[in-house]
There are 4 protein chains.
Amino acid sequence: MANKISVGILGATGIVGQRFVQMLEDHPWFEVAWLAASDRSEGRLYGEAARWKLKTAIPARVAQMRISPAKPQGAPKLIFAALDASIAAEMEPLFAEAGCAVITNSSALRMQKDVPLVIPEVNPDHIKLLECQSWRKKSGGFVVTNPNCSAIGLVLALSPLQKLFGIETVMAVTMQAISGAGYPGVASMDILGNVIPYIGKEEEKMEEETRKLLGELNGAGIVSADFAMSAQCNRVAVEDGHTESISIKLRKKAQPQEIIDAWNGFRSVPQELKLPSAPAEPVRYLAMPDRPQPRFDVESGKGMTTTVGRLRPCGVLDWKFTVLSHNTIRGAAGAALLNAELLKAQGYLD
Amino acid sequence: MANKISVGILGATGIVGQRFVQMLEDHPWFEVAWLAASDRSEGRLYGEAARWKLKTAIPARVAQMRISPAKPQGAPKLIFAALDASIAAEMEPLFAEAGCAVITNSSALRMQKDVPLVIPEVNPDHIKLLECQSWRKKSGGFVVTNPNCSAIGLVLALSPLQKLFGIETVMAVTMQAISGAGYPGVASMDILGNVIPYIGKEEEKMEEETRKLLGELNGAGIVSADFAMSAQCNRVAVEDGHTESISIKLRKKAQPQEIIDAWNGFRSVPQELKLPSAPAEPVRYLAMPDRPQPRFDVESGKGMTTTVGRLRPCGVLDWKFTVLSHNTIRGAAGAALLNAELLKAQGYLD
Amino acid sequence: MANKISVGILGATGIVGQRFVQMLEDHPWFEVAWLAASDRSEGRLYGEAARWKLKTAIPARVAQMRISPAKPQGAPKLIFAALDASIAAEMEPLFAEAGCAVITNSSALRMQKDVPLVIPEVNPDHIKLLECQSWRKKSGGFVVTNPNCSAIGLVLALSPLQKLFGIETVMAVTMQAISGAGYPGVASMDILGNVIPYIGKEEEKMEEETRKLLGELNGAGIVSADFAMSAQCNRVAVEDGHTESISIKLRKKAQPQEIIDAWNGFRSVPQELKLPSAPAEPVRYLAMPDRPQPRFDVESGKGMTTTVGRLRPCGVLDWKFTVLSHNTIRGAAGAALLNAELLKAQGYLD
Amino acid sequence: MANKISVGILGATGIVGQRFVQMLEDHPWFEVAWLAASDRSEGRLYGEAARWKLKTAIPARVAQMRISPAKPQGAPKLIFAALDASIAAEMEPLFAEAGCAVITNSSALRMQKDVPLVIPEVNPDHIKLLECQSWRKKSGGFVVTNPNCSAIGLVLALSPLQKLFGIETVMAVTMQAISGAGYPGVASMDILGNVIPYIGKEEEKMEEETRKLLGELNGAGIVSADFAMSAQCNRVAVEDGHTESISIKLRKKAQPQEIIDAWNGFRSVPQELKLPSAPAEPVRYLAMPDRPQPRFDVESGKGMTTTVGRLRPCGVLDWKFTVLSHNTIRGAAGAALLNAELLKAQGYLD
């Protein structure tokens, strides 16, 4: 315990903040030492301020911690951030400026030129971009981001195909879980027995983040991948797990078994480094004709494995398939945590 | 009443059969005179044999009718059919052979060369194909079909665009209601809080029927429209209403307002003929950013109007938008009923 | 139209406020002339300020009305109120003081000694209590309340039994719809696939209101009925309709058919006066073994009929049965509207 | 492994059969050696015949086992049975007659005079009744049953109160999960957004089983407990977990804290014997005002702990509270497994 790195959580009371608390419980490298949330929670016990919405019990030690002011003074050097974008835009730079490593799930800075947007299996080398940040130069602090919950499962499925065959075109239609909207988030009167064909700014994020993630580091910036992409985002009455109907065009011909093998054989830096939160399989192809389904597959690899199914020819592009990814684990807290583990393994947290 | 045309319903106890009973109650032209279902229902009162699942009460007169053997003997000349495809494949030809006009919702004969697959607003001229049927020549009987519940809303939205701009490519991802699977249909354990990314044969039907519907009558057959199309079909926890995320490429450039005007201004034969079940607006565009939604819009035009929303540019094709259509009204019983009304108006039922 | 009574709606943008707008559209006696809501809605068009959540379209005329300050100045004399209890406690007296007839769905004043709590079929004579209100004496204004949405269906079912057999004991367990909590109300993450065995203050309201409603007017107050009562209130994933499992003990022996006849034969003042919103049957007994169900029965009598089913002996008390009532129609806006109609018919609005 | 007792599962492909397979995976004492199901599954691989509906993966070894004829020949001596009642009534006696220990979840024989109906924490002594069975005398075989899924949580909550204070009256209203009806079980069209106030024969089972379980062994039979009881059973849209609103009258006065202590302190034979499936706490009281809830609490004690909450005075009886119990673990497969462990510990399986 003495050797663990102290971490703080910004936005600790929300759904993603709770996932951070949950996933950091018994983490071999990190230990929650500091929690901050909105002003009205400040000074309260976490167990009282957070309306705990996860199925595992709130960790007893953390429940007894008192919520600190959301200011860099007194905060640990490693900060996980789960703030709303508008607050994150103000707050994250303050912490980075003060020398903190800010590992954030917020969308605020994701597309900023010198901010790495990283999935450790996909573009671990983009991490280096943080060296270009002015905060880094001044105080040693920096910001690293992970993608939107709708983009990450897709990108994990695309990445091994990009390497082998090249991606020319991507069409994505999502059916996203309610937990993606936080708590209280989606009103039950809006979603019970319903589909909402709109999630504010989600399609734009999904399209631009996918291309940045699959882009190339080029000096002080990322050259986004140049494939055509279109996303349509829907909300459905599912608790956890974003399901996506995908069509793609590849640059090179591929046989279906080659694609499946690419997915099932996909291993990358987190698996090589044996990062604690890295799933054995970042992507798993399910052969059954009606899978993946949130009910059965969302917890694959403790929520860190993206499941794929239904690979079949597409009448317009080359291939279509279904992707499922856990939106608050692989798509949020787990994504940030894996980023932090990568940073630690690469010496950025020393 | 004396002047109404007697009609029979094959498969009267299922969900679509019930919709026929419901929609024919107080119909100005037709009157239910005969009901048939599976062997185990034969001889029973309809009110006892049917597990009535609609929200309006079972019509009292029909509830007291006795279920007849599913044989042409004694059946009226006009038959609405709502049978499972495998049974329909055997039964519908028997009734047509015996001289009945069989207006069917089943998929069994939809793609048969000499069988019209018709949406009255879209391809009313395809009706003429029935003259090529051998049944017609022998006994006067014939079979007319309506499309799958996933195809009809899409085709209604595509039809006015096809006329004005031409269709080059269509990508469709559906989120389909449970009532589309009949009763008992989808087990609650399969769909509560879940998405099922698979509906057997649905994608194939949607792709080939869409092209046949938008094709051209050419002598004794239909030349299917030659655009590229790809469908992905999902089941969601919605009671009624198929929501679809669509992307299209047009042959001619179109401005968004031209597309919206094409939808809102779309009127066709059923509206001109003032067919009793024809909606005033076959298609209605909703300007709100988060519509259409099953909860609010599925009953538009008494379930006969297809609602469309969210028209916006597509990063891959030209345009994307959302379509919603009532799957057991416009997508099944109402579709067949409107076909029957068109046939009546054109003298085929005299 | 010229002869209609102008009415105002306090709290017009909430779910119950919307129901008032919906039910007053085309009302033969009343016409919406004034709308008020929270400060932030003031001055805006109703169609923009209200997030309309009902399935019928927002009435066009009302959508174009501008929201007034929530002050008696300029308000019509007849006010329907749908405010949160804490605001109602302040606001309703102001309007009554200013001479308005305040017909309110709020719980704020329901149990106040001189405020009538009325269901027109059950205790229409309690209306007279308003003559004891100091507001009435000063300005002619008064407040009349209707009960909680969980109490009204139960009391409608109990009332005919009380008259014939006397009530000795009542046990009620509710399964209440999400619309009872307003909008946004219950978070989807809290109720999807779940039961919440707690609704704040609901059990207390249900117990005390039931006894006041079935009590007797005695001079300047109500002597509550003296039967024992216990309520347990649960929230379930149903959109509209509170289902209740009830057990009762009667003072006199009753045969099951006598009880069913009492329910089906129940007619009262609103039916005699043919009040516009009065259902033909205030209570209807359903003989099928698995009814009433929200899915099929909540709209009975346009949402104003309480349905009852499953009457059978109780192993502890005498009888048990299931009650279903529409919580935002019979349990809120419709209840207040029927109260207003009773007041009008009795000359209180002249 | 060599030392484990071979067990068979009758009705292995259903939902409860699947739970047996799941719970027996890695069991320290028992090992699945034989599977039987309906005729149409006979001879097929379990992994193909069973439509696996649990969230953990189907155990690989069992998936490869072939389904045997449902006959005692070749079956192991220890049989877990999860058959429909009508089939169980025929089949279970055949296996007992042939010398098998039949540990069954079926209701078929539960109320038979010489058949023990047992919850190990509640009435472990009732096990002895099996010595009275004619099968036992002839072949050594016997049948032991566990209660209905709606009764077991209630009885676990009542048992410690009965011991300390005596039970005089029990009123129960259930809100039961869909998995209780097996697969396919409840149609989604029947339960999505709905409540069904009826479950066939459930109320009768709940009332009579509760009294048998809390009764006393008296020679060759059980004298059922003589308290008054009434149950009302409803189905709700919850996947796993029966929630129950309970009211009770005790024979002796009790303080609320005494009741809570009785629940939290409840330990019995399975805990003393450290049976492998025994939860540390058979009953746990939750102090939060809105718990227990299926979403959070159904997996307590790996689904073997009954959670209780909301203890408060009842206006009719003495106390009311909410009970939650996992219906396919504690209420079915886990109940039978714990019975088998008790039998093993007591030497009945030697």
# chains A, B, ... in the order shown; residues from 1 in each chain; ligands from 1
call {"tool": "residues_around", "arguments": {"residues": "Lys274 (chain B)", "least_positions_apart": "4", "cutoff": "12 Å", "atoms": "only C-alpha atoms", "output": "number ranges by chain"}}
result
B: 120-121, 267-270, 278-281, 338, 341-342, 345
call {"tool": "write_last_selection", "arguments": {"atoms": "N, CA, C and O atoms", "output": "JSON list (two decimals), in the first residue's frame"}}
result
[["chain", "number", "residue", "atom", "x", "y", "z"],
["B", 120, "PRO", "N", -49.77, 1.28, -52.06],
["B", 120, "PRO", "CA", -50.60, 2.08, -52.98],
["B", 120, "PRO", "C", -50.06, 3.47, -53.28],
["B", 120, "PRO", "O", -50.26, 3.96, -54.39],
["B", 121, "GLU", "N", -49.38, 4.09, -52.37],
["B", 121, "GLU", "CA", -48.81, 5.40, -52.66],
["B", 121, "GLU", "C", -47.58, 5.31, -53.57],
["B", 121, "GLU", "O", -47.16, 6.30, -54.14],
["B", 267, "ARG", "N", -48.22, 13.17, -52.16],
["B", 267, "ARG", "CA", -49.59, 12.67, -52.21],
["B", 267, "ARG", "C", -49.64, 11.72, -53.40],
["B", 267, "ARG", "O", -48.91, 11.92, -54.38],
["B", 268, "SER", "N", -50.47, 10.71, -53.34],
["B", 268, "SER", "CA", -50.48, 9.75, -54.42],
["B", 268, "SER", "C", -51.90, 9.21, -54.64],
["B", 268, "SER", "O", -52.88, 9.79, -54.17],
["B", 269, "VAL", "N", -51.99, 8.12, -55.33],
["B", 269, "VAL", "CA", -53.28, 7.56, -55.72],
["B", 269, "VAL", "C", -54.24, 7.39, -54.54],
["B", 269, "VAL", "O", -55.40, 7.77, -54.63],
["B", 270, "PRO", "N", -53.81, 6.83, -53.42],
["B", 270, "PRO", "CA", -54.77, 6.62, -52.32],
["B", 270, "PRO", "C", -55.37, 7.93, -51.81],
["B", 270, "PRO", "O", -56.53, 7.96, -51.41],
["B", 278, "ALA", "N", -56.49, 5.60, -46.31],
["B", 278, "ALA", "CA", -55.34, 6.40, -46.74],
["B", 278, "ALA", "C", -55.13, 7.55, -45.77],
["B", 278, "ALA", "O", -56.07, 8.27, -45.44],
["B", 279, "PRO", "N", -53.90, 7.75, -45.31],
["B", 279, "PRO", "CA", -53.64, 8.90, -44.44],
["B", 279, "PRO", "C", -53.60, 10.17, -45.29],
["B", 279, "PRO", "O", -53.25, 10.12, -46.47],
["B", 280, "ALA", "N", -53.96, 11.28, -44.70],
["B", 280, "ALA", "CA", -53.86, 12.55, -45.42],
["B", 280, "ALA", "C", -52.43, 12.76, -45.88],
["B", 280, "ALA", "O", -52.17, 13.19, -47.00],
["B", 281, "GLU", "N", -51.49, 12.44, -45.00],
["B", 281, "GLU", "CA", -50.08, 12.60, -45.34],
["B", 281, "GLU", "C", -49.41, 11.23, -45.26],
["B", 281, "GLU", "O", -49.23, 10.71, -44.16],
["B", 338, "LEU", "N", -55.21, -1.19, -47.22],
["B", 338, "LEU", "CA", -55.11, -0.14, -48.24],
["B", 338, "LEU", "C", -54.96, -0.77, -49.64],
["B", 338, "LEU", "O", -55.52, -0.26, -50.62],
["B", 341, "GLU", "N", -58.39, -1.71, -50.64],
["B", 341, "GLU", "CA", -59.17, -0.53, -51.03],
["B", 341, "GLU", "C", -58.79, -0.07, -52.43],
["B", 341, "GLU", "O", -59.64, 0.34, -53.22],
["B", 342, "LEU", "N", -57.50, -0.14, -52.72],
["B", 342, "LEU", "CA", -57.06, 0.23, -54.07],
["B", 342, "LEU", "C", -57.65, -0.73, -55.10],
["B", 342, "LEU", "O", -58.15, -0.31, -56.16],
["B", 345, "ALA", "N", -61.24, 0.12, -55.59],
["B", 345, "ALA", "CA", -61.42, 1.36, -56.35],
["B", 345, "ALA", "C", -61.11, 1.14, -57.83],
["B", 345, "ALA", "O", -61.65, 1.83, -58.69]]
call {"tool": "interface_residues", "arguments": {"of": "chain A", "to": "chain C", "cutoff": "9 Å", "atoms": "only C-alpha atoms", "output": "VMD selection string"}}
result
chain A and resid 53 178 to 179 182 to 193 237 to 239
call {"tool": "write_last_selection", "arguments": {"atoms": "N, CA, C and O atoms", "output": "JSON list (two decimals), in the first residue's frame"}}
result
[["chain", "number", "residue", "atom", "x", "y", "z"],
["A", 53, "LYS", "N", -24.65, 4.28, -7.58],
["A", 53, "LYS", "CA", -25.56, 3.62, -8.53],
["A", 53, "LYS", "C", -24.98, 2.34, -9.11],
["A", 53, "LYS", "O", -25.50, 1.81, -10.09],
["A", 178, "ILE", "N", -28.46, 3.91, -21.44],
["A", 178, "ILE", "CA", -28.82, 5.09, -20.65],
["A", 178, "ILE", "C", -27.71, 5.54, -19.71],
["A", 178, "ILE", "O", -27.59, 6.72, -19.43],
["A", 179, "SER", "N", -26.87, 4.61, -19.26],
["A", 179, "SER", "CA", -25.82, 5.02, -18.31],
["A", 179, "SER", "C", -24.83, 5.97, -18.98],
["A", 179, "SER", "O", -24.12, 6.70, -18.29],
["A", 182, "GLY", "N", -25.11, 9.58, -17.81],
["A", 182, "GLY", "CA", -24.91, 9.93, -16.42],
["A", 182, "GLY", "C", -26.18, 9.79, -15.59],
["A", 182, "GLY", "O", -27.16, 9.21, -16.03],
["A", 183, "TYR", "N", -26.10, 10.36, -14.36],
["A", 183, "TYR", "CA", -27.24, 10.26, -13.44],
["A", 183, "TYR", "C", -27.64, 11.65, -12.97],
["A", 183, "TYR", "O", -26.74, 12.40, -12.61],
["A", 184, "PRO", "N", -28.90, 12.07, -12.95],
["A", 184, "PRO", "CA", -30.06, 11.28, -13.34],
["A", 184, "PRO", "C", -30.16, 11.05, -14.84],
["A", 184, "PRO", "O", -30.80, 10.11, -15.25],
["A", 185, "GLY", "N", -29.55, 11.88, -15.66],
["A", 185, "GLY", "CA", -29.48, 11.56, -17.08],
["A", 185, "GLY", "C", -30.83, 11.45, -17.75],
["A", 185, "GLY", "O", -31.66, 12.33, -17.65],
["A", 186, "VAL", "N", -31.03, 10.33, -18.43],
["A", 186, "VAL", "CA", -32.24, 10.14, -19.23],
["A", 186, "VAL", "C", -33.44, 9.90, -18.32],
["A", 186, "VAL", "O", -33.43, 8.99, -17.49],
["A", 187, "ALA", "N", -34.48, 10.71, -18.48],
["A", 187, "ALA", "CA", -35.71, 10.52, -17.71],
["A", 187, "ALA", "C", -36.39, 9.22, -18.14],
["A", 187, "ALA", "O", -36.42, 8.89, -19.33],
["A", 188, "SER", "N", -36.94, 8.49, -17.17],
["A", 188, "SER", "CA", -37.60, 7.22, -17.52],
["A", 188, "SER", "C", -38.76, 7.47, -18.47],
["A", 188, "SER", "O", -39.03, 6.66, -19.35],
["A", 189, "MET", "N", -39.46, 8.59, -18.32],
["A", 189, "MET", "CA", -40.58, 8.86, -19.22],
["A", 189, "MET", "C", -40.11, 9.04, -20.66],
["A", 189, "MET", "O", -40.90, 8.94, -21.59],
["A", 190, "ASP", "N", -38.85, 9.33, -20.86],
["A", 190, "ASP", "CA", -38.34, 9.52, -22.22],
["A", 190, "ASP", "C", -37.91, 8.22, -22.89],
["A", 190, "ASP", "O", -37.86, 8.15, -24.12],
["A", 191, "ILE", "N", -37.57, 7.21, -22.14],
["A", 191, "ILE", "CA", -36.92, 6.07, -22.77],
["A", 191, "ILE", "C", -37.63, 4.73, -22.55],
["A", 191, "ILE", "O", -37.41, 3.79, -23.32],
["A", 192, "LEU", "N", -38.48, 4.63, -21.55],
["A", 192, "LEU", "CA", -39.17, 3.36, -21.31],
["A", 192, "LEU", "C", -40.03, 3.01, -22.53],
["A", 192, "LEU", "O", -40.93, 3.76, -22.89],
["A", 193, "GLY", "N", -39.73, 1.89, -23.18],
["A", 193, "GLY", "CA", -40.49, 1.49, -24.37],
["A", 193, "GLY", "C", -40.27, 2.38, -25.57],
["A", 193, "GLY", "O", -41.09, 2.43, -26.48],
["A", 237, "ALA", "N", -33.39, 1.64, -24.42],
["A", 237, "ALA", "CA", -33.63, 1.30, -23.01],
["A", 237, "ALA", "C", -32.76, 0.13, -22.56],
["A", 237, "ALA", "O", -33.26, -0.95, -22.23],
["A", 238, "VAL", "N", -31.47, 0.35, -22.56],
["A", 238, "VAL", "CA", -30.48, -0.63, -22.11],
["A", 238, "VAL", "C", -29.69, 0.05, -21.00],
["A", 238, "VAL", "O", -29.42, 1.25, -21.08],
["A", 239, "GLU", "N", -29.33, -0.70, -19.97],
["A", 239, "GLU", "CA", -28.64, -0.07, -18.84],
["A", 239, "GLU", "C", -27.17, 0.22, -19.15],
["A", 239, "GLU", "O", -26.71, 1.34, -18.98]]
call {"tool": "atom_distance", "arguments": {"atom1": "CA of Gly315 (chain C)", "atom2": "CA of Asn218 (chain D)"}}
result
24.8 Å
call {"tool": "residues_around", "arguments": {"residues": "Leu35 (chain B)", "least_positions_apart": "2", "cutoff": "12 Å", "atoms": "only C-alpha atoms", "output": "count of residues only"}}
result
46
call {"tool": "select_by_dssp", "arguments": {"residues": "region 188-227 of chain B", "states": "strand (DSSP E or B)", "output": "ChimeraX atom specification"}}
result
/B:196,216-218,221-223
call {"tool": "atom_distance", "arguments": {"atom1": "CA of Thr104 (chain D)", "atom2": "CA of Ala340 (chain D)"}}
result
9.6 Å
call {"tool": "select_by_dssp", "arguments": {"residues": "region 97-329 of chain D", "states": "alpha helix (DSSP H)", "output": "ChimeraX atom specification"}}
result
/D:97,134-139,149-165,188-191,202-213,256-265,269-272,294-297
call {"tool": "write_last_selection", "arguments": {"atoms": "C-alpha atoms", "output": "PDB file, in the first residue's frame"}}
result
ATOM      1  CA  GLU D  97     -38.416 -45.688  -6.506  1.00  0.00           C
ATOM      2  CA  SER D 134     -42.206 -45.792   0.948  1.00  0.00           C
ATOM      3  CA  TRP D 135     -39.435 -45.288  -1.627  1.00  0.00           C
ATOM      4  CA  ARG D 136     -36.960 -44.887   1.177  1.00  0.00           C
ATOM      5  CA  LYS D 137     -38.014 -48.127   2.709  1.00  0.00           C
ATOM      6  CA  LYS D 138     -37.953 -50.040  -0.566  1.00  0.00           C
ATOM      7  CA  SER D 139     -34.897 -48.756  -2.391  1.00  0.00           C
ATOM      8  CA  CYS D 149     -39.633 -18.818  -5.286  1.00  0.00           C
ATOM      9  CA  SER D 150     -42.211 -16.426  -3.833  1.00  0.00           C
ATOM     10  CA  ALA D 151     -42.332 -18.226  -0.456  1.00  0.00           C
ATOM     11  CA  ILE D 152     -38.665 -18.678   0.329  1.00  0.00           C
ATOM     12  CA  GLY D 153     -37.621 -15.057   0.850  1.00  0.00           C
ATOM     13  CA  LEU D 154     -40.664 -14.413   2.972  1.00  0.00           C
ATOM     14  CA  VAL D 155     -40.107 -17.494   5.113  1.00  0.00           C
ATOM     15  CA  LEU D 156     -36.445 -16.640   5.663  1.00  0.00           C
ATOM     16  CA  ALA D 157     -37.561 -13.230   6.928  1.00  0.00           C
ATOM     17  CA  LEU D 158     -40.329 -14.693   9.090  1.00  0.00           C
ATOM     18  CA  SER D 159     -38.362 -17.539  10.635  1.00  0.00           C
ATOM     19  CA  PRO D 160     -36.248 -15.583  13.140  1.00  0.00           C
ATOM     20  CA  LEU D 161     -39.306 -13.537  14.112  1.00  0.00           C
ATOM     21  CA  GLN D 162     -41.372 -16.652  14.626  1.00  0.00           C
ATOM     22  CA  LYS D 163     -38.787 -18.033  17.015  1.00  0.00           C
ATOM     23  CA  LEU D 164     -38.552 -14.869  19.096  1.00  0.00           C
ATOM     24  CA  PHE D 165     -42.019 -13.376  18.925  1.00  0.00           C
ATOM     25  CA  SER D 188     -42.444  -9.416 -23.947  1.00  0.00           C
ATOM     26  CA  MET D 189     -45.720  -8.037 -25.307  1.00  0.00           C
ATOM     27  CA  ASP D 190     -47.342  -8.990 -22.001  1.00  0.00           C
ATOM     28  CA  ILE D 191     -44.923  -7.376 -19.583  1.00  0.00           C
ATOM     29  CA  GLU D 202     -48.853 -18.894  -7.053  1.00  0.00           C
ATOM     30  CA  GLU D 203     -50.923 -17.425  -4.244  1.00  0.00           C
ATOM     31  CA  GLU D 204     -52.136 -20.827  -3.117  1.00  0.00           C
ATOM     32  CA  LYS D 205     -48.592 -22.240  -3.112  1.00  0.00           C
ATOM     33  CA  MET D 206     -47.237 -19.264  -1.240  1.00  0.00           C
ATOM     34  CA  GLU D 207     -49.867 -19.511   1.474  1.00  0.00           C
ATOM     35  CA  GLU D 208     -49.736 -23.250   2.087  1.00  0.00           C
ATOM     36  CA  GLU D 209     -45.977 -23.668   1.698  1.00  0.00           C
ATOM     37  CA  THR D 210     -45.235 -20.847   4.108  1.00  0.00           C
ATOM     38  CA  ARG D 211     -47.288 -22.553   6.781  1.00  0.00           C
ATOM     39  CA  LYS D 212     -45.778 -25.988   6.124  1.00  0.00           C
ATOM     40  CA  LEU D 213     -42.248 -24.577   6.269  1.00  0.00           C
ATOM     41  CA  PRO D 256     -38.111  -2.454  15.824  1.00  0.00           C
ATOM     42  CA  GLN D 257     -34.492  -2.846  16.789  1.00  0.00           C
ATOM     43  CA  GLU D 258     -35.214  -6.298  18.188  1.00  0.00           C
ATOM     44  CA  ILE D 259     -36.711  -7.288  14.856  1.00  0.00           C
ATOM     45  CA  ILE D 260     -33.773  -5.898  12.909  1.00  0.00           C
ATOM     46  CA  ASP D 261     -31.361  -7.659  15.245  1.00  0.00           C
ATOM     47  CA  ALA D 262     -33.284 -10.891  14.788  1.00  0.00           C
ATOM     48  CA  TRP D 263     -32.823 -10.629  11.044  1.00  0.00           C
ATOM     49  CA  ASN D 264     -29.203  -9.562  11.041  1.00  0.00           C
ATOM     50  CA  GLY D 265     -28.257 -12.055  13.722  1.00  0.00           C
ATOM     51  CA  VAL D 269     -27.633 -25.061  10.676  1.00  0.00           C
ATOM     52  CA  PRO D 270     -26.175 -24.280   7.198  1.00  0.00           C
ATOM     53  CA  GLN D 271     -24.005 -21.545   8.674  1.00  0.00           C
ATOM     54  CA  GLU D 272     -22.926 -23.767  11.568  1.00  0.00           C
ATOM     55  CA  PRO D 294     -33.650  -5.851  -7.427  1.00  0.00           C
ATOM     56  CA  ARG D 295     -31.131  -3.682  -9.274  1.00  0.00           C
ATOM     57  CA  PHE D 296     -28.778  -3.405  -6.315  1.00  0.00           C
ATOM     58  CA  ASP D 297     -29.589  -6.167  -3.895  1.00  0.00           C
TER      59      ASP D 297
END
call {"tool": "residues_around", "arguments": {"residues": "Arg291 (chain A)", "least_positions_apart": "5", "cutoff": "12 Å", "atoms": "only C-alpha atoms", "output": "list in words"}}
result
Thr243, Glu244, Ser245, Arg284, Tyr285, Leu286, Phe296, Asp297, Val298, Thr307, Val308, Gly309, Arg310, Leu311, Phe321, Thr322, Val323 and Leu324 of chain A; Asp190, Asn194, Val195, Ile196, Pro197, Tyr198, Ile199, Asn234 and Arg235 of chain B
call {"tool": "atom_distance", "arguments": {"atom1": "CA of Glu90 (chain D)", "atom2": "CA of Arg19 (chain D)"}}
result
22.7 Å
